[in-house]
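Have a look at work.cif below; it lists mmCIF, C-alpha atoms.
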```cif
data_input
loop_
_atom_site.group_PDB
_atom_site.id
_atom_site.type_symbol
_atom_site.label_atom_id
_atom_site.label_comp_id
_atom_site.auth_asym_id
_atom_site.auth_seq_id
_atom_site.Cartn_x
_atom_site.Cartn_y
_atom_site.Cartn_z
ATOM 1 C CA MET E 19 -12.135 39.374 -12.336
ATOM 2 C CA SER E 20 -10.398 37.106 -9.849
ATOM 3 C CA SER E 21 -8.038 38.621 -7.314
ATOM 4 C CA ASP E 22 -5.070 36.677 -8.728
ATOM 5 C CA THR E 23 -5.337 38.308 -12.172
ATOM 6 C CA ALA E 24 -2.913 41.130 -12.835
ATOM 7 C CA ILE E 25 -4.188 44.205 -14.619
ATOM 8 C CA ALA E 26 -1.706 45.291 -17.282
ATOM 9 C CA LEU E 27 -1.177 49.044 -17.394
ATOM 10 C CA LYS E 28 0.871 49.243 -20.595
ATOM 11 C CA ALA E 29 3.389 47.318 -22.641
ATOM 12 C CA HIS E 30 7.109 47.863 -22.042
ATOM 13 C CA LEU E 31 9.636 47.842 -24.848
ATOM 14 C CA ALA E 32 13.359 48.375 -24.259
ATOM 15 C CA ILE E 33 15.751 48.660 -27.194
ATOM 16 C CA ASN E 34 19.509 48.956 -27.407
ATOM 17 C CA VAL E 35 20.830 52.054 -29.189
ATOM 18 C CA ARG E 36 24.370 53.090 -30.086
ATOM 19 C CA ASN E 37 23.954 56.708 -28.961
ATOM 20 C CA VAL E 38 21.175 57.583 -26.538
ATOM 21 C CA GLU E 39 21.326 61.354 -27.172
ATOM 22 C CA ARG E 40 20.911 60.904 -30.932
ATOM 23 C CA SER E 41 18.079 58.433 -30.372
ATOM 24 C CA ILE E 42 16.288 60.814 -27.975
ATOM 25 C CA VAL E 43 16.122 63.388 -30.791
ATOM 26 C CA PHE E 44 14.482 60.825 -33.103
ATOM 27 C CA TYR E 45 12.022 59.448 -30.534
ATOM 28 C CA ARG E 46 10.921 62.940 -29.463
ATOM 29 C CA LYS E 47 9.822 63.382 -33.072
ATOM 30 C CA LEU E 48 8.312 59.903 -33.404
ATOM 31 C CA PHE E 49 6.194 60.090 -30.248
ATOM 32 C CA GLY E 50 5.782 63.877 -30.101
ATOM 33 C CA ILE E 51 6.725 63.977 -26.407
ATOM 34 C CA GLU E 52 9.743 64.570 -24.213
ATOM 35 C CA PRO E 53 11.359 61.673 -22.376
ATOM 36 C CA SER E 54 10.105 61.280 -18.814
ATOM 37 C CA LYS E 55 13.539 60.209 -17.574
ATOM 38 C CA VAL E 56 17.069 60.666 -18.929
ATOM 39 C CA ARG E 57 20.204 59.276 -17.347
ATOM 40 C CA ARG E 58 23.670 58.480 -18.685
ATOM 41 C CA GLY E 59 23.107 55.840 -21.380
ATOM 42 C CA TYR E 60 19.361 55.618 -20.687
ATOM 43 C CA ALA E 61 16.108 57.348 -21.566
ATOM 44 C CA LYS E 62 12.450 56.532 -20.902
ATOM 45 C CA PHE E 63 9.400 57.705 -22.841
ATOM 46 C CA ASP E 64 6.064 57.287 -21.053
ATOM 47 C CA VAL E 65 3.824 57.150 -24.121
ATOM 48 C CA GLN E 66 0.101 57.566 -23.484
ATOM 49 C CA ASN E 67 -1.235 56.793 -26.972
ATOM 50 C CA PRO E 68 -0.626 53.936 -27.464
ATOM 51 C CA PRO E 69 0.097 53.056 -23.833
ATOM 52 C CA LEU E 70 3.797 52.182 -23.841
ATOM 53 C CA ASN E 71 6.717 52.303 -21.437
ATOM 54 C CA PHE E 72 9.518 52.692 -23.983
ATOM 55 C CA THR E 73 13.182 52.781 -22.981
ATOM 56 C CA LEU E 74 16.473 53.353 -24.771
ATOM 57 C CA ASN E 75 19.539 51.577 -23.432
ATOM 58 C CA GLU E 76 22.919 52.613 -24.796
ATOM 59 C CA ALA E 77 24.956 49.535 -25.671
ATOM 60 C CA PRO E 78 27.644 48.853 -28.255
ATOM 61 C CA PHE E 79 26.649 46.583 -31.142
ATOM 62 C CA LYS E 80 27.708 46.141 -34.759
ATOM 63 C CA ASP E 81 24.732 44.819 -36.682
ATOM 64 C CA ALA E 82 20.998 44.954 -36.245
ATOM 65 C CA GLY E 83 19.695 42.472 -33.720
ATOM 66 C CA ALA E 84 16.896 39.951 -33.940
ATOM 67 C CA LEU E 85 14.231 42.649 -33.799
ATOM 68 C CA SER E 86 12.226 42.747 -37.047
ATOM 69 C CA HIS E 87 10.348 46.035 -36.624
ATOM 70 C CA MET E 88 7.942 47.905 -34.370
ATOM 71 C CA GLY E 89 4.571 49.340 -35.200
ATOM 72 C CA ILE E 90 1.478 51.157 -34.101
ATOM 73 C CA GLN E 91 -1.852 49.895 -35.402
ATOM 74 C CA VAL E 92 -4.469 52.588 -35.995
ATOM 75 C CA ALA E 93 -8.147 52.508 -36.937
ATOM 76 C CA SER E 94 -8.130 53.975 -40.451
ATOM 77 C CA THR E 95 -6.074 55.096 -43.434
ATOM 78 C CA THR E 96 -6.943 58.652 -42.379
ATOM 79 C CA ASP E 97 -5.159 57.932 -39.088
ATOM 80 C CA VAL E 98 -2.125 56.595 -41.002
ATOM 81 C CA PHE E 99 -1.999 59.868 -42.967
ATOM 82 C CA SER E 100 -2.439 61.909 -39.780
ATOM 83 C CA VAL E 101 0.521 60.226 -38.071
ATOM 84 C CA ARG E 102 2.592 60.471 -41.262
ATOM 85 C CA LYS E 103 1.871 64.221 -41.409
ATOM 86 C CA LYS E 104 3.085 64.650 -37.803
ATOM 87 C CA TRP E 105 6.235 62.648 -38.533
ATOM 88 C CA VAL E 106 6.995 64.664 -41.700
ATOM 89 C CA GLU E 107 6.367 67.961 -39.873
ATOM 90 C CA ALA E 108 8.811 66.766 -37.192
ATOM 91 C CA GLY E 109 11.456 66.208 -39.876
ATOM 92 C CA LEU E 110 11.282 62.422 -40.202
ATOM 93 C CA ILE E 111 11.572 60.737 -43.585
ATOM 94 C CA THR E 112 8.604 58.468 -44.289
ATOM 95 C CA ARG E 113 7.973 55.742 -46.844
ATOM 96 C CA ASP E 114 4.429 54.655 -47.717
ATOM 97 C CA GLU E 115 3.151 51.205 -48.579
ATOM 98 C CA MET E 116 -0.507 51.460 -49.528
ATOM 99 C CA GLN E 117 -2.820 48.571 -50.359
ATOM 100 C CA THR E 118 -0.056 46.079 -49.590
ATOM 101 C CA GLU E 119 -0.305 42.456 -48.590
ATOM 102 C CA CYS E 120 1.805 41.888 -45.519
ATOM 103 C CA CYS E 121 1.495 39.392 -42.664
ATOM 104 C CA TYR E 122 -1.467 37.799 -44.444
ATOM 105 C CA ALA E 123 -3.424 41.059 -44.399
ATOM 106 C CA LYS E 124 -4.103 43.951 -46.764
ATOM 107 C CA GLN E 125 -2.770 47.131 -45.138
ATOM 108 C CA ASP E 126 -2.070 50.811 -45.642
ATOM 109 C CA LYS E 127 1.075 51.922 -43.818
ATOM 110 C CA THR E 128 3.944 54.342 -43.590
ATOM 111 C CA TRP E 129 7.443 53.676 -42.228
ATOM 112 C CA VAL E 130 10.285 55.575 -40.545
ATOM 113 C CA HIS E 131 13.617 54.328 -39.197
ATOM 114 C CA ASP E 132 15.555 55.439 -36.134
ATOM 115 C CA PRO E 133 19.281 56.327 -36.048
ATOM 116 C CA ASP E 134 20.192 52.667 -35.440
ATOM 117 C CA GLY E 135 18.112 51.386 -38.362
ATOM 118 C CA ASN E 136 15.174 50.126 -36.299
ATOM 119 C CA GLU E 137 12.023 50.367 -38.402
ATOM 120 C CA TRP E 138 8.684 51.703 -37.154
ATOM 121 C CA GLU E 139 5.405 51.502 -39.015
ATOM 122 C CA VAL E 140 1.993 52.998 -38.454
ATOM 123 C CA PHE E 141 -0.619 50.854 -40.172
ATOM 124 C CA VAL E 142 -4.273 49.978 -40.616
ATOM 125 C CA VAL E 143 -5.496 46.494 -41.464
ATOM 126 C CA LEU E 144 -7.966 46.770 -44.328
ATOM 127 C CA GLU E 145 -8.575 43.051 -44.774
ATOM 128 C CA ASP E 146 -7.266 40.341 -42.475
ATOM 129 C CA ASN E 147 -6.492 36.627 -42.563
ATOM 130 C CA LEU E 148 -5.628 36.404 -46.267
ATOM 131 C CA PRO E 149 -4.634 32.988 -47.645
ATOM 132 C CA GLU E 150 -1.021 32.052 -48.314
ATOM 133 C CA ARG E 151 0.196 32.753 -51.841
ATOM 134 C CA VAL E 152 3.394 31.619 -53.503
ATOM 135 C CA SER E 153 5.334 34.425 -55.181
ATOM 136 C CA GLN E 154 6.145 34.024 -58.878
ATOM 137 C CA GLY E 155 9.549 32.408 -59.338
ATOM 138 C CA SER E 156 9.690 31.486 -55.656
ATOM 139 C CA THR E 157 8.967 28.468 -53.534
ATOM 140 C CA GLY E 158 8.168 30.611 -50.503
ATOM 141 C CA THR E 159 5.012 32.436 -49.551
ATOM 142 C CA THR E 160 4.398 36.162 -49.112
ATOM 143 C CA ALA E 161 4.253 36.041 -45.317
ATOM 144 C CA CYS E 162 6.903 38.645 -44.742
ATOM 145 C CA CYS E 163 6.216 41.364 -42.230
ATOM 146 C CA ALA E 164 9.370 43.413 -42.607
ATOM 147 C CA PRO E 165 9.955 46.876 -44.054
ATOM 148 C CA GLY E 166 10.134 46.950 -47.824
ATOM 149 C CA CYS E 167 8.905 43.409 -48.316
ATOM 150 C CA CYS E 168 5.236 44.102 -48.754
ATOM 151 C CA GLN E 169 3.830 44.149 -52.245
ATOM 152 C CA PRO E 170 0.810 45.985 -53.632
ATOM 153 C CA THR E 171 -2.178 43.710 -53.950
ATOM 154 C CA PRO E 172 -2.813 42.649 -57.576
ATOM 155 C CA GLU E 173 -5.767 45.012 -57.992
ATOM 156 C CA HIS E 174 -3.639 47.931 -56.710
ATOM 157 C CA SER E 175 -0.308 47.188 -58.370
ATOM 158 C CA SER E 176 0.069 50.763 -59.641
ATOM 159 C CA VAL E 177 -0.284 52.361 -56.192
#
```

Would you write out, as structure tokens, the structure that this file holds?
Amino acid sequence: MSSDTAIALKAHLAINVRNVERSIVFYRKLFGIEPSKVRRGYAKFDVQNPPLNFTLNEAPFKDAGALSHMGIQVASTTDVFSVRKKWVEAGLITRDEMQTECCYAKQDKTWVHDPDGNEWEVFVVLEDNLPERVSQGSTGTTACCAPGCCQPTPEHSSV
């Protein structure tokens, strides 16, 4: 590695929240850890798995911003169920989407949302790089990668 190449330690994600104290309660449950720093209108979670410097910044806003959703990719459906179990035991409400086509991939996933409506998913990619398909009665494709938009794959429509 050349000496001018930076070594990334972890990703950083900062989100605006309406009430930092309320959001701390949620994110303690989501990550299963305490914040590493709390100040007036601010909190930081130093997440080890996955490596993430995650901060909450209290700021007034009316509607959801441009953020679509956040997620954690895991290695297997068993891992999805394991994280879902931890979230449920922590008191979070989850919603599953199994065998769904989303973002041109077949995935198993579960979702939660924070107090400000930000959506988090934990997911496994079962099959990647699927072709574009046009939805019945639509001129658009099924590219969506947002909560609630994914559809069961045709062979798993009853799941």

Problem - Selection dump of the PyMOL selection byres ((chain E and resi 109) around 12), as a list in words - result: Val43, Phe44, Tyr45, Arg46, Lys47, Leu48, Gly50, Arg102, Lys103, Lys104, Trp105, Val106, Glu107, Ala108, Leu110, Ile111, Thr112 and Val130 of chain E

Practice task
Pull out every residue that the PyMOL selection byres ((chain E and resi 66-72) around 6) matches in the shown coordinates and put them as an MDAnalysis selection string.
Solution key: chainID E and resid 28:32 62:65 73

Problem - Point-to-point distance in Å for CA of Trp129 (chain E) and CA of Val38 (chain E) - result: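 Atom-to-atom, CA of Val38 (chain E) and CA of Trp129 (chain E) are spaced 21.2 Å apart.
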
Handout entry: Option closest in space to Pro78 (chain E), from E:Thr23, E:Asn136, E:Asn147, E:Asn37 [counting only C-alpha atoms]
Key =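 Counting only C-alpha atoms, the residue closest to Pro78 (chain E) is E:Asn37.
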
Enclose all atoms of region 52-55 of chain E listed in the file in an axis-aligned box, grow every side by 3 Å, and hand back centre and edge lengths in Å to one decimal, as lines of an AutoDock Vina configuration file.
```
center_x = 11.6
center_y = 62.4
center_z = -20.9
size_x = 9.8
size_y = 10.4
size_z = 12.6
```

Problem - Residues within 10 Å of Tyr60 (chain E), all atoms listed in the file, excluding chain neighbours under 2 positions, as a PyMOL selection string - result: chain E and resi 34-35+37-39+42+55-58+62+73-77

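With distances restricted to all atoms listed in the file, E:Val143 is the closest residue to Gln117 (chain E) from E:Val143, E:Ile51, E:Ile25, E:Leu85.
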
Completion exercise
Atom pair CA of Glu115 (chain E) + CA of Asp81 (chain E), distance 25.5 Å

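Comparing the minimum interatomic distances between Lys80 (chain E) and each of E:Glu150, E:Glu145, E:Asp134, E:Ile33, counting all atoms listed in the file, we find that E:Asp134 sits nearest.
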
Problem - Distance criterion (only C-alpha atoms): nearest to Met116 (chain E) out of E:Leu148, E:Val101, E:Ile90, E:Val142 - result: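 Nearest candidate to Met116 (chain E) out of E:Leu148, E:Val101, E:Ile90, E:Val142: E:Val142.
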
List the residues matched by the PyMOL selection byres ((chain E and resi 122) around 8) in the displayed structure as a PDB file with C-alpha atoms, keeping the file's coordinate frame, ordered by chain and then by residue number.
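For reference, out_15.pdb as written:
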```pdb
ATOM      1  CA  GLU E 119      -0.305  42.456 -48.590  1.00  0.00           C
ATOM      2  CA  CYS E 120       1.805  41.888 -45.519  1.00  0.00           C
ATOM      3  CA  CYS E 121       1.495  39.392 -42.664  1.00  0.00           C
ATOM      4  CA  ALA E 123      -3.424  41.059 -44.399  1.00  0.00           C
ATOM      5  CA  LYS E 124      -4.103  43.951 -46.764  1.00  0.00           C
ATOM      6  CA  ASP E 146      -7.266  40.341 -42.475  1.00  0.00           C
ATOM      7  CA  ASN E 147      -6.492  36.627 -42.563  1.00  0.00           C
ATOM      8  CA  LEU E 148      -5.628  36.404 -46.267  1.00  0.00           C
ATOM      9  CA  PRO E 149      -4.634  32.988 -47.645  1.00  0.00           C
ATOM     10  CA  GLU E 150      -1.021  32.052 -48.314  1.00  0.00           C
ATOM     11  CA  THR E 160       4.398  36.162 -49.112  1.00  0.00           C
ATOM     12  CA  ALA E 161       4.253  36.041 -45.317  1.00  0.00           C
TER      13      ALA E 161
END
```

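One finds CA of Gln125 (chain E) at 16.1 Å from CA of Arg151 (chain E).
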